[in-house]
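What follows is a set of notes on a single structure, which appears directly below.
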Amino acid sequence: MKAIVLTKFGGPDSFELQDVPVPEVGIGELLVRVMATAINPLDYQIRRGDYPDHVPLPAIIGHDVSGVVEKVGPGVTGFAVGDEVFYTPKIFGPKGGSYAQYNVVPETLVTHKPANLSHEEAASTTLVGGTAWEALVTRAKLHPAESVLIHGGAGGVGSIAIQLAKAMGATVYTTSRSHDLEFVRQLGADHAIDFTSKNYTEEIAALTGRQGVNVVLDTIGGLTLSQSPHVLADGGRVVTLVDLATPQNLVAAWGVNAEYHFVFTRQNRGKLQALKTLLESGRIRPVIGARFSLAQIPQAHTALERGEVDGQPIRGKVVISVA
């Protein structure tokens with residue numbers, strides 16, 4: 001099979017298009033012909049060497065799959081050859097990721113693809129959808145009538161998180177650049193703040209009558225953790241998806257009894273099934289910002305890291321057509 005193989009840690013030129021054996025199918029596993037995959041910040045973090053102890057080289061990475069079941073292993077009961085499925089492969093798993101024509105995955109991680117989505121659309125939702133669910137439902141336990149500030153609303157996770165929060169009945173505040181303000185409003189954001197020209201802590205204070213929001217979802221990093229208590233209501237929750245690059249002073253969190261959650265997404269079928277229901281009902285729609293082929297994955301990494309392709313900003317996900 002054709003695969004994009006990470007041969008060294010470094011820039012986008014660290015990948016090579018190679019012919020490699022199709023992985024073996026074990027007990028309780030499926031062999032899936034990958035029709036589409038997508039690029040995530042986790043992918044370029046792995047590529048540049050942020051997790052060297054977890055990724056023995058050479059490696060096939062990638063964390064989104066929409067495809068067709070090609071073979072079922074012993075003990076598989078819920079899927080048959082020809083089924084269309086979508087899922088996130090096991091992160092740092094031993095059988096490789098989605099930058100390839102085929103992928104082997106435990107049945108327990110797989111869900112039937114939403115019937116109303118193309119393979120590209122489905123592949124654009126798996127990791128970001130599972131991450132948004134983990135952040136807002138599992139960790140923050142966001143309730144109807146509560147409020148949430150989502151940093152980076154135009155990004156892959158942010159664009160799904162806005163829609164998920166609205167589906168849960170929350171009031172949504174989000175930050176973005178000026179050229180994305182109308183876009184995030186169309187996704188459902190009640191209030192969109194241009195973080196390049198306005199101080200979001202002051203804006204949230206004014207918009208909430210200085211009451212603050214119940215939840216902050218951090219997809220950006222930087223000083224978000226230390227700034228979050230200044231926009232939180234008492235007993236508010238902060239969920240971050242980003243590594244702490246430098247130490248931060250969280251003393252202000254004590255003043256509002258803040259609760260912090262640090263999320264590295266855990267895959268399971270339950271989150272995908274819940275996401276599938278929302279996708280099939282139209283309450284969440286995929287957002288594709290750019291498309292590339294399997295051989296163009298190095299260029300796709302460059303585009304995502306820059307946040308633009310052909311001079312245009314990327315909104316939502318960068319997807320890869322494999323078939």
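Each chain in the structure tokens gets a letter, A, B, ..., in the order shown, and its residues are numbered from 1; ligands are numbered from 1 in order too.
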
List every residue of region 115-221 of chain A that DSSP, applied to the backbone of this structure, assigns to strand (DSSP E or B), and report them as a count of residues only. 20

Set out as CSV a contact list for region 84-179 of chain A and region 223-247 of chain A with a cut-off of 10 Å, giving each residue of region 84-179 of chain A that qualifies its closest atom pair and distance in Å to one decimal, counting only C-alpha atoms, ordered by chain and rising residue number.
residue,atom,partner,partner_atom,distance
A:Thr131,CA,A:Leu241,CA,8.4
A:Ala132,CA,A:Leu241,CA,9.6
A:Glu134,CA,A:Val239,CA,9.6
A:Ala135,CA,A:Val239,CA,6.2
A:Leu136,CA,A:Val239,CA,8.0
A:Arg139,CA,A:Val239,CA,7.4
A:Ala140,CA,A:Arg237,CA,6.1
A:Lys141,CA,A:Arg237,CA,9.0
A:Leu142,CA,A:Arg237,CA,9.1
A:Ser147,CA,A:Ala233,CA,9.5
A:Val148,CA,A:Leu232,CA,9.3
A:Leu149,CA,A:Val231,CA,8.6
A:Ile150,CA,A:Val239,CA,9.8
A:His151,CA,A:Thr224,CA,8.7
A:Val157,CA,A:Leu241,CA,9.6

From the list A:Val319, A:Gly129, A:Ser98, A:Asn249, which residue is nearest Arg285 (chain A) when using only C-alpha atoms?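 The shortest atom-to-atom distance to Arg285 (chain A) comes from A:Gly129.
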
Do you have, as JSON lines, the list of residues of region 82-188 of chain A lying at most 12 Å from region 303-310 of chain A, each with its nearest atom pair and that distance in Å to one decimal, counting only C-alpha atoms and ordered by chain then number?
{"residue": "A:Gly152", "atom": "CA", "partner": "A:Gly307", "partner_atom": "CA", "distance": 11.8}
{"residue": "A:Ala154", "atom": "CA", "partner": "A:Gly307", "partner_atom": "CA", "distance": 10.6}
{"residue": "A:Gly155", "atom": "CA", "partner": "A:Gly307", "partner_atom": "CA", "distance": 9.1}
{"residue": "A:Gly156", "atom": "CA", "partner": "A:Leu304", "partner_atom": "CA", "distance": 10.1}
{"residue": "A:Arg177", "atom": "CA", "partner": "A:Gly307", "partner_atom": "CA", "distance": 11.8}

Please save N, CA, C and O atoms of the selected residues as a PDB file, in the first residue's frame.
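out_2.pdb, freshly written:
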ATOM      1  N   GLY A 152     -10.242  30.656  19.874  1.00  0.00           N
ATOM      2  CA  GLY A 152      -9.924  30.106  18.564  1.00  0.00           C
ATOM      3  C   GLY A 152     -11.113  29.457  17.892  1.00  0.00           C
ATOM      4  O   GLY A 152     -11.028  28.323  17.410  1.00  0.00           O
ATOM      5  N   ALA A 154     -12.512  29.733  15.065  1.00  0.00           N
ATOM      6  CA  ALA A 154     -12.462  29.423  13.634  1.00  0.00           C
ATOM      7  C   ALA A 154     -11.616  28.198  13.332  1.00  0.00           C
ATOM      8  O   ALA A 154     -11.569  27.746  12.187  1.00  0.00           O
ATOM      9  N   GLY A 155     -10.927  27.650  14.337  1.00  0.00           N
ATOM     10  CA  GLY A 155     -10.047  26.509  14.118  1.00  0.00           C
ATOM     11  C   GLY A 155     -10.794  25.190  14.065  1.00  0.00           C
ATOM     12  O   GLY A 155     -12.031  25.140  14.139  1.00  0.00           O
ATOM     13  N   GLY A 156     -10.037  24.101  13.945  1.00  0.00           N
ATOM     14  CA  GLY A 156     -10.638  22.784  13.824  1.00  0.00           C
ATOM     15  C   GLY A 156     -11.497  22.409  15.013  1.00  0.00           C
ATOM     16  O   GLY A 156     -12.685  22.086  14.877  1.00  0.00           O
ATOM     17  N   ARG A 177      -9.895  36.200  14.771  1.00  0.00           N
ATOM     18  CA  ARG A 177      -9.408  37.381  14.066  1.00  0.00           C
ATOM     19  C   ARG A 177     -10.570  38.073  13.377  1.00  0.00           C
ATOM     20  O   ARG A 177     -11.640  37.479  13.172  1.00  0.00           O
TER      21      ARG A 177
END

Contacts of Ala59 (chain A) within 8 Å, only C-alpha atoms, excl. fewer than 6 positions in-chain, as a PyMOL selection string: chain A and resi 5-7+96

So that I can check the surroundings of Lys71 (chain A), please list as an MDAnalysis selection string every protein, DNA and RNA residue that reaches within 9 Å of it, counting only C-alpha atoms and ignoring chain neighbours fewer than 6 positions away. chainID A and resid 25 29:32 80:82

Those same residues - all heavy atoms - I'd like them written as an mmCIF file, in the first residue's frame.
data_model
loop_
_atom_site.group_PDB
_atom_site.id
_atom_site.type_symbol
_atom_site.label_atom_id
_atom_site.label_comp_id
_atom_site.auth_asym_id
_atom_site.auth_seq_id
_atom_site.Cartn_x
_atom_site.Cartn_y
_atom_site.Cartn_z
ATOM 1 N N VAL A 25 -4.346 -8.065 10.383
ATOM 2 C CA VAL A 25 -5.573 -7.891 11.163
ATOM 3 C C VAL A 25 -5.608 -8.937 12.263
ATOM 4 O O VAL A 25 -5.470 -10.136 12.005
ATOM 5 C CB VAL A 25 -6.814 -8.029 10.266
ATOM 6 C CG1 VAL A 25 -8.086 -7.818 11.093
ATOM 7 C CG2 VAL A 25 -6.755 -7.046 9.120
ATOM 8 N N GLU A 29 -10.244 -6.818 15.443
ATOM 9 C CA GLU A 29 -9.791 -5.678 14.655
ATOM 10 C C GLU A 29 -10.423 -5.659 13.263
ATOM 11 O O GLU A 29 -10.894 -6.676 12.756
ATOM 12 C CB GLU A 29 -8.271 -5.696 14.508
ATOM 13 C CG GLU A 29 -7.530 -5.476 15.818
ATOM 14 C CD GLU A 29 -6.023 -5.459 15.636
ATOM 15 O OE1 GLU A 29 -5.520 -6.135 14.692
ATOM 16 O OE2 GLU A 29 -5.337 -4.793 16.435
ATOM 17 N N LEU A 30 -10.392 -4.476 12.651
ATOM 18 C CA LEU A 30 -10.880 -4.273 11.292
ATOM 19 C C LEU A 30 -9.741 -3.763 10.422
ATOM 20 O O LEU A 30 -8.916 -2.962 10.877
ATOM 21 C CB LEU A 30 -12.004 -3.232 11.263
ATOM 22 C CG LEU A 30 -13.200 -3.399 12.193
ATOM 23 C CD1 LEU A 30 -14.084 -2.170 12.118
ATOM 24 C CD2 LEU A 30 -13.982 -4.644 11.827
ATOM 25 N N LEU A 31 -9.706 -4.202 9.174
ATOM 26 C CA LEU A 31 -8.860 -3.570 8.167
ATOM 27 C C LEU A 31 -9.745 -2.616 7.381
ATOM 28 O O LEU A 31 -10.752 -3.023 6.799
ATOM 29 C CB LEU A 31 -8.250 -4.614 7.232
ATOM 30 C CG LEU A 31 -7.436 -4.042 6.052
ATOM 31 C CD1 LEU A 31 -6.181 -3.330 6.550
ATOM 32 C CD2 LEU A 31 -7.082 -5.137 5.057
ATOM 33 N N VAL A 32 -9.375 -1.336 7.386
ATOM 34 C CA VAL A 32 -10.190 -0.304 6.751
ATOM 35 C C VAL A 32 -9.418 0.314 5.585
ATOM 36 O O VAL A 32 -8.253 0.699 5.738
ATOM 37 C CB VAL A 32 -10.579 0.792 7.769
ATOM 38 C CG1 VAL A 32 -11.328 1.926 7.086
ATOM 39 C CG2 VAL A 32 -11.424 0.190 8.891
ATOM 40 N N ALA A 80 -19.199 -5.397 9.044
ATOM 41 C CA ALA A 80 -19.021 -6.359 7.960
ATOM 42 C C ALA A 80 -18.249 -5.697 6.831
ATOM 43 O O ALA A 80 -18.180 -4.459 6.741
ATOM 44 C CB ALA A 80 -20.377 -6.844 7.458
ATOM 45 N N VAL A 81 -17.668 -6.513 5.980
ATOM 46 C CA VAL A 81 -16.965 -6.001 4.811
ATOM 47 C C VAL A 81 -17.911 -5.114 3.998
ATOM 48 O O VAL A 81 -19.063 -5.472 3.748
ATOM 49 C CB VAL A 81 -16.429 -7.159 3.947
ATOM 50 C CG1 VAL A 81 -15.867 -6.630 2.629
ATOM 51 C CG2 VAL A 81 -15.367 -7.938 4.704
ATOM 52 N N GLY A 82 -17.434 -3.939 3.617
ATOM 53 C CA GLY A 82 -18.239 -2.998 2.851
ATOM 54 C C GLY A 82 -18.857 -1.893 3.678
ATOM 55 O O GLY A 82 -19.338 -0.890 3.119
#

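Checking A:Pro94, A:Ala323, A:Gln267, A:Pro52 one by one against Leu294 (chain A), counting only C-alpha atoms, you find the shortest gap at A:Ala323.
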
Hey, can you check how far CA of Tyr102 (chain A) sits from CA of Pro286 (chain A)?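 Atom-to-atom, CA of Tyr102 (chain A) to CA of Pro286 (chain A), that is 23.3 Å.
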
Name all residues at most 6 Å from Met35 (chain A) (count only C-alpha atoms; drop same-chain ones fewer than 3 positions away) and give them as number ranges by chain. A: 66-67, 322-323

Those residues you just picked out, can you put them in a file as a PDB file, in the first residue's frame with N, CA, C and O atoms?
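See selection.pdb below for the written result:
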ATOM      1  N   SER A  66     -11.939   8.168   7.633  1.00  0.00           N
ATOM      2  CA  SER A  66     -13.245   7.773   7.116  1.00  0.00           C
ATOM      3  C   SER A  66     -12.949   6.809   5.974  1.00  0.00           C
ATOM      4  O   SER A  66     -12.118   7.097   5.104  1.00  0.00           O
ATOM      5  N   GLY A  67     -13.587   5.644   6.017  1.00  0.00           N
ATOM      6  CA  GLY A  67     -13.247   4.650   5.014  1.00  0.00           C
ATOM      7  C   GLY A  67     -14.238   3.505   4.954  1.00  0.00           C
ATOM      8  O   GLY A  67     -15.365   3.599   5.462  1.00  0.00           O
ATOM      9  N   VAL A 322      -7.594  10.283   0.170  1.00  0.00           N
ATOM     10  CA  VAL A 322      -6.661   9.163   0.042  1.00  0.00           C
ATOM     11  C   VAL A 322      -7.041   8.259  -1.129  1.00  0.00           C
ATOM     12  O   VAL A 322      -6.188   7.771  -1.874  1.00  0.00           O
ATOM     13  N   ALA A 323      -8.343   8.025  -1.323  1.00  0.00           N
ATOM     14  CA  ALA A 323      -8.799   7.097  -2.362  1.00  0.00           C
ATOM     15  C   ALA A 323      -8.472   7.632  -3.758  1.00  0.00           C
ATOM     16  O   ALA A 323      -8.466   8.831  -3.991  1.00  0.00           O
TER      17      ALA A 323
END

Using DSSP secondary structure from the backbone, list all helix (DSSP H, G or I) positions within region 29-69 of chain A, as JSON, numbers by chain. {"A": [41, 42, 43, 44, 45, 46, 47, 48, 52, 53, 54]}

Go ahead and dump the residues you just picked, N, CA, C and O atoms, as a compact mmCIF listing (two decimals), in the first residue's frame.
# COMPACT_ATOMS: atom_id res chain seq x y z
N PRO A 41 -3.13 19.74 14.68
CA PRO A 41 -1.92 20.23 15.33
C PRO A 41 -1.11 19.12 16.00
O PRO A 41 0.12 19.16 16.00
N LEU A 42 -1.80 18.10 16.53
CA LEU A 42 -1.09 16.96 17.12
C LEU A 42 -0.14 16.33 16.11
O LEU A 42 0.95 15.88 16.45
N ASP A 43 -0.56 16.30 14.84
CA ASP A 43 0.25 15.67 13.80
C ASP A 43 1.58 16.39 13.61
O ASP A 43 2.64 15.77 13.52
N TYR A 44 1.52 17.73 13.51
CA TYR A 44 2.80 18.42 13.29
C TYR A 44 3.62 18.50 14.58
O TYR A 44 4.85 18.62 14.53
N GLN A 45 2.95 18.40 15.73
CA GLN A 45 3.73 18.31 16.97
C GLN A 45 4.53 17.01 17.01
O GLN A 45 5.70 17.00 17.39
N ILE A 46 3.89 15.91 16.62
CA ILE A 46 4.60 14.63 16.54
C ILE A 46 5.72 14.71 15.51
O ILE A 46 6.85 14.28 15.76
N ARG A 47 5.41 15.27 14.33
CA ARG A 47 6.41 15.36 13.25
C ARG A 47 7.66 16.13 13.66
O ARG A 47 8.78 15.74 13.34
N ARG A 48 7.48 17.21 14.40
CA ARG A 48 8.64 18.02 14.76
C ARG A 48 9.41 17.46 15.95
O ARG A 48 10.48 17.98 16.30
N PRO A 52 8.96 12.17 21.13
CA PRO A 52 9.85 11.16 20.53
C PRO A 52 9.80 9.81 21.22
O PRO A 52 9.99 8.78 20.56
N ASP A 53 9.53 9.79 22.52
CA ASP A 53 9.51 8.51 23.24
C ASP A 53 8.30 7.65 22.87
O ASP A 53 8.29 6.44 23.12
N HIS A 54 7.28 8.27 22.30
CA HIS A 54 6.05 7.56 21.97
C HIS A 54 5.97 7.16 20.50
O HIS A 54 5.05 6.42 20.11

Let me make sure I understand: among A:Ala295, A:Leu127, A:Val104, A:Ala300, which one has the smallest atom-to-atom distance to Asp64 (chain A) if we use only C-alpha atoms?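 Checking each of A:Ala295, A:Leu127, A:Val104, A:Ala300 against Asp64 (chain A), counting only C-alpha atoms, the winner is A:Leu127.
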
Taking only C-alpha atoms into account, which of A:Ile4, A:Leu275, A:Val137, A:Val110 comes nearest Val65 (chain A)? A:Val110

Which neighbours of region 187-189 of chain A fall inside 7 Å, counting only C-alpha atoms, when residues of the same chain fewer than 6 positions from it are skipped, and could you give them as JSON, numbers by chain? {"A": [162, 163, 166, 172, 173, 174]}

File dump, residues just selected, all heavy atoms, as a PDB file, in the first residue's frame:
ATOM      1  N   ILE A 162     -18.041  25.292  19.074  1.00  0.00           N
ATOM      2  CA  ILE A 162     -19.104  26.296  19.050  1.00  0.00           C
ATOM      3  C   ILE A 162     -20.450  25.622  18.787  1.00  0.00           C
ATOM      4  O   ILE A 162     -21.444  25.858  19.485  1.00  0.00           O
ATOM      5  CB  ILE A 162     -18.827  27.366  17.972  1.00  0.00           C
ATOM      6  CG1 ILE A 162     -17.672  28.277  18.392  1.00  0.00           C
ATOM      7  CG2 ILE A 162     -20.086  28.210  17.717  1.00  0.00           C
ATOM      8  CD1 ILE A 162     -17.231  29.239  17.302  1.00  0.00           C
ATOM      9  N   GLN A 163     -20.473  24.764  17.781  1.00  0.00           N
ATOM     10  CA  GLN A 163     -21.725  24.114  17.407  1.00  0.00           C
ATOM     11  C   GLN A 163     -22.206  23.147  18.484  1.00  0.00           C
ATOM     12  O   GLN A 163     -23.402  23.058  18.765  1.00  0.00           O
ATOM     13  CB  GLN A 163     -21.537  23.374  16.086  1.00  0.00           C
ATOM     14  CG  GLN A 163     -21.181  24.297  14.920  1.00  0.00           C
ATOM     15  CD  GLN A 163     -20.932  23.503  13.646  1.00  0.00           C
ATOM     16  OE1 GLN A 163     -21.878  23.034  13.000  1.00  0.00           O
ATOM     17  NE2 GLN A 163     -19.675  23.332  13.291  1.00  0.00           N
ATOM     18  N   LYS A 166     -23.684  25.154  21.405  1.00  0.00           N
ATOM     19  CA  LYS A 166     -25.020  25.651  21.084  1.00  0.00           C
ATOM     20  C   LYS A 166     -26.044  24.521  21.124  1.00  0.00           C
ATOM     21  O   LYS A 166     -27.161  24.704  21.596  1.00  0.00           O
ATOM     22  CB  LYS A 166     -25.021  26.308  19.705  1.00  0.00           C
ATOM     23  CG  LYS A 166     -24.317  27.644  19.661  1.00  0.00           C
ATOM     24  CD  LYS A 166     -24.861  28.641  20.671  1.00  0.00           C
ATOM     25  CE  LYS A 166     -26.300  29.012  20.421  1.00  0.00           C
ATOM     26  NZ  LYS A 166     -26.806  29.992  21.442  1.00  0.00           N
ATOM     27  N   VAL A 172     -22.648  31.159  23.841  1.00  0.00           N
ATOM     28  CA  VAL A 172     -21.279  30.976  23.375  1.00  0.00           C
ATOM     29  C   VAL A 172     -20.609  32.313  23.071  1.00  0.00           C
ATOM     30  O   VAL A 172     -21.126  33.112  22.279  1.00  0.00           O
ATOM     31  CB  VAL A 172     -21.235  30.091  22.118  1.00  0.00           C
ATOM     32  CG1 VAL A 172     -19.808  29.964  21.589  1.00  0.00           C
ATOM     33  CG2 VAL A 172     -21.809  28.710  22.431  1.00  0.00           C
ATOM     34  N   TYR A 173     -19.478  32.524  23.716  1.00  0.00           N
ATOM     35  CA  TYR A 173     -18.571  33.617  23.402  1.00  0.00           C
ATOM     36  C   TYR A 173     -17.341  32.999  22.744  1.00  0.00           C
ATOM     37  O   TYR A 173     -16.899  31.917  23.142  1.00  0.00           O
ATOM     38  CB  TYR A 173     -18.131  34.358  24.671  1.00  0.00           C
ATOM     39  CG  TYR A 173     -19.266  34.917  25.499  1.00  0.00           C
ATOM     40  CD1 TYR A 173     -20.001  34.096  26.360  1.00  0.00           C
ATOM     41  CD2 TYR A 173     -19.606  36.256  25.450  1.00  0.00           C
ATOM     42  CE1 TYR A 173     -21.041  34.600  27.120  1.00  0.00           C
ATOM     43  CE2 TYR A 173     -20.637  36.781  26.216  1.00  0.00           C
ATOM     44  CZ  TYR A 173     -21.356  35.938  27.047  1.00  0.00           C
ATOM     45  OH  TYR A 173     -22.384  36.449  27.810  1.00  0.00           O
ATOM     46  N   THR A 174     -16.793  33.663  21.748  1.00  0.00           N
ATOM     47  CA  THR A 174     -15.588  33.119  21.123  1.00  0.00           C
ATOM     48  C   THR A 174     -14.658  34.234  20.684  1.00  0.00           C
ATOM     49  O   THR A 174     -15.093  35.370  20.467  1.00  0.00           O
ATOM     50  CB  THR A 174     -15.944  32.220  19.923  1.00  0.00           C
ATOM     51  OG1 THR A 174     -14.780  31.503  19.510  1.00  0.00           O
ATOM     52  CG2 THR A 174     -16.461  33.033  18.739  1.00  0.00           C
TER      53      THR A 174
END

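The shortest atom-to-atom distance to Asn103 (chain A), with only C-alpha atoms taken into account, belongs to A:Glu70 out of A:Asp50, A:Asp190, A:Glu70, A:Glu202.
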